[in-house]
Structures are given as C-alpha cells and as structure tokens.
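run.pdb follows; it contains PDB, C-alpha atoms and all ligand atoms.
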```pdb
ATOM      1  CA  MET V 284     -35.632 -10.450  -2.883
ATOM      2  CA  HIS V 285     -34.247  -8.724   0.144
ATOM      3  CA  GLU V 286     -30.630  -7.759   0.502
ATOM      4  CA  GLN V 287     -28.921  -7.726   3.841
ATOM      5  CA  THR V 288     -25.732  -5.961   4.755
ATOM      6  CA  VAL V 289     -23.434  -7.686   7.237
ATOM      7  CA  VAL V 290     -20.619  -5.708   8.773
ATOM      8  CA  SER V 291     -18.207  -6.541  11.536
ATOM      9  CA  ILE V 292     -17.966  -4.149  14.452
ATOM     10  CA  LYS V 293     -14.511  -3.062  13.407
ATOM     11  CA  ASP V 294     -16.076  -1.712  10.216
ATOM     12  CA  LEU V 295     -18.582   0.366  12.175
ATOM     13  CA  ARG V 296     -15.928   2.874  12.895
ATOM     14  CA  PHE V 297     -17.576   6.256  12.540
ATOM     15  CA  ALA V 298     -20.627   7.684  14.247
ATOM     16  CA  THR V 299     -22.169  10.888  12.905
ATOM     17  CA  LEU V 300     -24.172  13.313  14.989
ATOM     18  CA  ARG V 301     -26.458  15.872  13.424
ATOM     19  CA  CYS V 302     -27.450  19.027  15.248
ATOM     20  CA  PRO V 303     -31.260  19.275  15.159
ATOM     21  CA  HIS V 304     -31.035  23.072  14.991
ATOM     22  CA  CYS V 305     -28.401  23.936  12.383
ATOM     23  CA  ARG V 306     -27.898  20.442  10.902
ATOM     24  CA  THR V 307     -24.154  20.576  11.417
ATOM     25  CA  ARG V 308     -22.719  17.076  11.316
ATOM     26  CA  VAL V 309     -19.973  15.911  13.646
ATOM     27  CA  THR V 310     -18.279  12.633  12.823
ATOM     28  CA  LEU V 311     -16.696  10.721  15.658
ATOM     29  CA  ASP V 312     -14.058   8.071  15.190
ATOM     30  CA  LEU V 313     -14.905   5.242  17.550
ATOM     31  CA  ALA V 314     -11.367   3.928  17.277
ATOM     32  CA  LEU V 315     -10.043   7.011  18.996
ATOM     33  CA  SER V 316     -10.689   7.044  22.700
ATOM     34  CA  LEU V 317     -10.359  10.813  22.866
ATOM     35  CA  GLY V 318     -11.487  11.653  19.409
ATOM     36  CA  TYR V 319     -13.287  14.932  19.644
ATOM     37  CA  GLN V 320     -11.345  18.033  18.707
ATOM     38  CA  GLY V 321     -10.766  20.434  21.524
ATOM     39  CA  ARG V 322     -12.046  18.157  24.260
ATOM     40  CA  SER V 323     -10.035  15.805  26.323
ATOM     41  CA  ALA V 324     -12.599  14.449  28.750
ATOM     42  CA  SER V 325     -15.008  12.563  26.544
ATOM     43  CA  LEU V 326     -15.581  11.201  23.098
ATOM     44  CA  ALA V 327     -18.797  12.966  22.259
ATOM     45  CA  PRO V 328     -19.725  16.634  22.489
ATOM     46  CA  ASP V 329     -22.662  17.654  24.644
ATOM     47  CA  GLN V 330     -23.334  20.696  22.498
ATOM     48  CA  CYS V 331     -23.165  21.615  18.855
ATOM     49  CA  PRO V 332     -19.694  22.918  17.971
ATOM     50  CA  ARG V 333     -21.214  25.382  15.489
ATOM     51  CA  CYS V 334     -24.302  26.883  17.074
ATOM     52  CA  GLY V 335     -23.766  25.819  20.673
ATOM     53  CA  SER V 336     -27.185  24.181  21.033
ATOM     54  CA  ALA V 337     -27.294  21.463  23.648
ATOM     55  CA  LEU V 338     -27.521  18.006  22.129
ATOM     56  CA  HIS V 339     -29.890  15.444  23.631
ATOM     57  CA  SER V 340     -28.655  14.389  27.037
ATOM     58  CA  ASN V 341     -28.467  10.768  25.869
ATOM     59  CA  VAL V 342     -25.972  11.531  23.099
ATOM     60  CA  ALA V 343     -22.712  11.933  24.971
ATOM     61  CA  PRO V 344     -23.178   9.089  27.485
ATOM     62  CA  GLY V 345     -24.604   6.809  24.812
ATOM     63  CA  LEU V 346     -21.661   7.358  22.517
ATOM     64  CA  GLU V 347     -19.229   6.878  25.360
ATOM     65  CA  HIS V 348     -20.815   3.484  26.065
ATOM     66  CA  LEU V 349     -20.661   2.679  22.371
ATOM     67  CA  GLN V 350     -16.982   3.602  22.238
ATOM     68  CA  LYS V 351     -16.254   1.331  25.192
ATOM     69  CA  ALA V 352     -18.146  -1.521  23.553
ATOM     70  CA  TYR V 353     -16.292  -0.863  20.326
ATOM     71  CA  ALA V 354     -12.940  -0.979  22.106
ATOM     72  CA  LEU V 355     -13.819  -4.380  23.565
ATOM     73  CA  LEU V 356     -15.452  -5.977  20.548
ATOM     74  CA  ALA V 357     -13.305  -4.584  17.729
ATOM     75  CA  LYS V 358     -10.391  -6.612  19.094
ATOM     76  CA  LEU V 359     -12.341  -9.710  18.094
ATOM     77  CA  GLY V 360     -12.213  -8.769  14.428
ATOM     78  CA  ASN V 361     -14.940 -10.516  12.460
ATOM     79  CA  SER V 362     -16.211 -12.566  15.385
ATOM     80  CA  VAL V 363     -19.025 -10.088  16.024
ATOM     81  CA  THR V 364     -21.067  -8.887  13.100
ATOM     82  CA  PHE V 365     -24.151  -6.770  12.614
ATOM     83  CA  THR V 366     -26.804  -7.296  10.003
ATOM     84  CA  ALA V 367     -28.722  -4.404   8.499
ATOM     85  CA  ASN V 368     -31.747  -4.871   6.326
ATOM     86  CA  ASP V 369     -31.477  -2.755   3.235
ATOM     87  CA  GLU V 370     -35.206  -2.699   2.762
ATOM     88  CA  MET V 371     -37.814  -1.876   5.304
ATOM     89  CA  SER V 372     -41.517  -1.932   4.667
ATOM     90  CA  GLU V 373     -43.517   1.238   5.091
ATOM     91  CA  ASP V 374     -44.762   0.273   8.516
ATOM     92  CA  GLY V 375     -41.222  -0.148   9.767
ATOM     93  CA  THR V 376     -41.181  -3.910  10.069
ATOM     94  CA  ALA V 377     -38.234  -5.849   8.790
ATOM     95  CA  PRO V 378     -38.655  -7.901   5.626
ATOM     96  CA  GLY V 379     -38.404 -11.161   7.567
ATOM     97  CA  ASP V 380     -41.184 -10.249   9.967
ATOM     98  CA  PRO V 381     -44.496 -12.038   9.609
ATOM     99  CA  PRO V 382     -47.107  -9.978   7.793
ATOM    100  CA  ALA V 383     -49.227  -7.747   9.967
ATOM    101  CA  LYS V 384     -52.662  -9.090  10.713
ATOM    102  CA  THR V 385     -55.411  -7.079   9.183
ATOM    103  CA  PRO V 386     -58.610  -6.647  11.163
TER     104      PRO V 386
HETATM  105 ZN    ZN V 401     -25.998  23.361  15.729
END
```

Would you mind writing the structure in this file as structure tokens?
Amino acid sequence: MHEQTVVSIKDLRFATLRCPHCRTRVTLDLALSLGYQGRSASLAPDQCPRCGSALHSNVAPGLEHLQKAYALLAKLGNSVTFTANDEMSEDGTAPGDPPAKTP
C-alpha cells in the first residue's frame, strides 16, 4: 500500500537551501516577500551566508518565481494542493507508474 501526502500551497511555506560546500542550511519563508536577513532586494541569497560560496545561478531567480507563485496561489487556501508520494521505487518511478518493461 502506498501512502500519499497532500498539502495545500499555503502549507508549503518554507524552502530550505543547502550550501553544497559547507552544508549550511538557509530557510526561507515564502510568506515573506523580503524574507532574507540583511538583504532587501530579493528573497533568496545568491551566495552562502556562511562561507560565501556562490549558489547555483538558478537558485535565486527560481525561488523568486516560487515566492511570486506562492503569493498568488496561497490566497486560494486549499483550492490548490500538491501530492507527494511517500514511497518511490529504486529506479525513481512513482508507485502509480506502470512497471518498467524488461528486455
Ligand atoms: Zn557555504
């Protein structure tokens, strides 16, 4: 039996970044439009606040898009939900996927 987790977008409030170099985690509150400490221009940092390593160039713009989507969709409450599969098979397919064909 496979369990699925359904959450509304308003419950997906926090996004966590992990620095690939020092593993520092930065948690961003999507409900705050200007949520990152010490910065006023954007939600997400473009470098690690601890070691200063540049984060992937997709991180900051991607999270800014996510924050904008959150701001729009969270107003709708439970009208938009996301479903996460709690179990994934070893080859990365979702439990509901048809079985892979073997040669
Ligand atoms: Zn770091």

Within 9 Å of V:Ser291 using only C-alpha atoms, minus same-chain residues under 4 positions, as number ranges by chain: V: 295, 357, 360-366

Expected selection from the PyMOL selection byres (((not hetatm)) within 10 of (chain V and resi 401)), given as an NGL selection string: :V and (301-309 or 330-338)

Would you export the selected residues with C-alpha atoms as a PDB file, in the frame of the given file, please?
```
ATOM      1  CA  ARG V 301     -26.458  15.872  13.424  1.00  0.00           C
ATOM      2  CA  CYS V 302     -27.450  19.027  15.248  1.00  0.00           C
ATOM      3  CA  PRO V 303     -31.260  19.275  15.159  1.00  0.00           C
ATOM      4  CA  HIS V 304     -31.035  23.072  14.991  1.00  0.00           C
ATOM      5  CA  CYS V 305     -28.401  23.936  12.383  1.00  0.00           C
ATOM      6  CA  ARG V 306     -27.898  20.442  10.902  1.00  0.00           C
ATOM      7  CA  THR V 307     -24.154  20.576  11.417  1.00  0.00           C
ATOM      8  CA  ARG V 308     -22.719  17.076  11.316  1.00  0.00           C
ATOM      9  CA  VAL V 309     -19.973  15.911  13.646  1.00  0.00           C
ATOM     10  CA  GLN V 330     -23.334  20.696  22.498  1.00  0.00           C
ATOM     11  CA  CYS V 331     -23.165  21.615  18.855  1.00  0.00           C
ATOM     12  CA  PRO V 332     -19.694  22.918  17.971  1.00  0.00           C
ATOM     13  CA  ARG V 333     -21.214  25.382  15.489  1.00  0.00           C
ATOM     14  CA  CYS V 334     -24.302  26.883  17.074  1.00  0.00           C
ATOM     15  CA  GLY V 335     -23.766  25.819  20.673  1.00  0.00           C
ATOM     16  CA  SER V 336     -27.185  24.181  21.033  1.00  0.00           C
ATOM     17  CA  ALA V 337     -27.294  21.463  23.648  1.00  0.00           C
ATOM     18  CA  LEU V 338     -27.521  18.006  22.129  1.00  0.00           C
TER      19      LEU V 338
END
```

Distance criterion (all atoms listed in the file): nearest to V:Asp312 out of V:Gly345, V:Gln350, V:Asp329, V:Val290: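 Of the candidates, the smallest distance to V:Asp312 is held by V:Gln350.
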
Six-sided padding of 3 Å per side, axis-aligned box over stretch 342-353 of chain V, centre and edges in Å, one decimal, as AutoDock Vina command-line options:
```
--center_x -21.1 --center_y 5.2 --center_z 23.9 --size_x 15.7 --size_y 19.5 --size_z 13.2
```

Nearest residue to V:Ala343 from the set V:Ala298, V:Leu355, V:Ala367, V:Val289 (distances using only C-alpha atoms):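 Counting only C-alpha atoms, the residue closest to V:Ala343 is V:Ala298.
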
Å distance separating atom CA of V:His348 from atom CA of V:Asp369, one decimal place: 26.0 Å

Distance in Å - atom CA of V:Thr310 versus atom CA of V:Glu347: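 Rounded to one decimal, the two atoms are 13.8 Å apart.
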
Pick from V:Leu300, V:Leu359, V:Ile292, V:Ala314, whichever lies nearest to V:Asn341 using only C-alpha atoms: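 Distance minimum relative to V:Asn341 lands on V:Leu300.
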
Pairwise distance for atom CA of V:Pro344 and atom CA of V:Leu315, rounded to one decimal in Å: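 Calculated distance between atom CA of V:Pro344 and atom CA of V:Leu315 is 15.8 Å.
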
Incomplete stretch 332-344 of chain V brought to N, CA and C atoms, written out as an mmCIF file, in the coordinates of the input:
```cif
data_model
loop_
_atom_site.group_PDB
_atom_site.id
_atom_site.type_symbol
_atom_site.label_atom_id
_atom_site.label_comp_id
_atom_site.auth_asym_id
_atom_site.auth_seq_id
_atom_site.Cartn_x
_atom_site.Cartn_y
_atom_site.Cartn_z
ATOM 1 N N PRO V 332 -20.888 22.087 18.055
ATOM 2 C CA PRO V 332 -19.694 22.918 17.971
ATOM 3 C C PRO V 332 -19.908 24.175 17.132
ATOM 4 N N ARG V 333 -20.979 24.214 16.347
ATOM 5 C CA ARG V 333 -21.214 25.382 15.489
ATOM 6 C C ARG V 333 -22.143 26.400 16.149
ATOM 7 N N CYS V 334 -23.319 25.935 16.554
ATOM 8 C CA CYS V 334 -24.302 26.883 17.074
ATOM 9 C C CYS V 334 -24.404 26.839 18.589
ATOM 10 N N GLY V 335 -23.778 25.870 19.221
ATOM 11 C CA GLY V 335 -23.766 25.819 20.673
ATOM 12 C C GLY V 335 -25.018 25.231 21.296
ATOM 13 N N SER V 336 -25.975 24.788 20.480
ATOM 14 C CA SER V 336 -27.185 24.181 21.033
ATOM 15 C C SER V 336 -26.831 22.903 21.783
ATOM 16 N N ALA V 337 -27.513 22.696 22.894
ATOM 17 C CA ALA V 337 -27.294 21.463 23.648
ATOM 18 C C ALA V 337 -27.827 20.288 22.842
ATOM 19 N N LEU V 338 -27.044 19.232 22.759
ATOM 20 C CA LEU V 338 -27.521 18.006 22.129
ATOM 21 C C LEU V 338 -28.320 17.220 23.160
ATOM 22 N N HIS V 339 -29.103 16.244 22.704
ATOM 23 C CA HIS V 339 -29.890 15.444 23.631
ATOM 24 C C HIS V 339 -28.988 14.859 24.712
ATOM 25 N N SER V 340 -29.488 14.827 25.918
ATOM 26 C CA SER V 340 -28.655 14.389 27.037
ATOM 27 C C SER V 340 -28.223 12.935 26.920
ATOM 28 N N ASN V 341 -28.874 12.166 26.063
ATOM 29 C CA ASN V 341 -28.467 10.768 25.869
ATOM 30 C C ASN V 341 -27.270 10.633 24.926
ATOM 31 N N VAL V 342 -26.966 11.675 24.157
ATOM 32 C CA VAL V 342 -25.972 11.531 23.099
ATOM 33 C C VAL V 342 -24.585 11.240 23.648
ATOM 34 N N ALA V 343 -24.093 12.107 24.499
ATOM 35 C CA ALA V 343 -22.712 11.933 24.971
ATOM 36 C C ALA V 343 -22.524 10.641 25.766
ATOM 37 N N PRO V 344 -23.380 10.354 26.765
ATOM 38 C CA PRO V 344 -23.178 9.089 27.485
ATOM 39 C C PRO V 344 -23.407 7.866 26.610
#
```
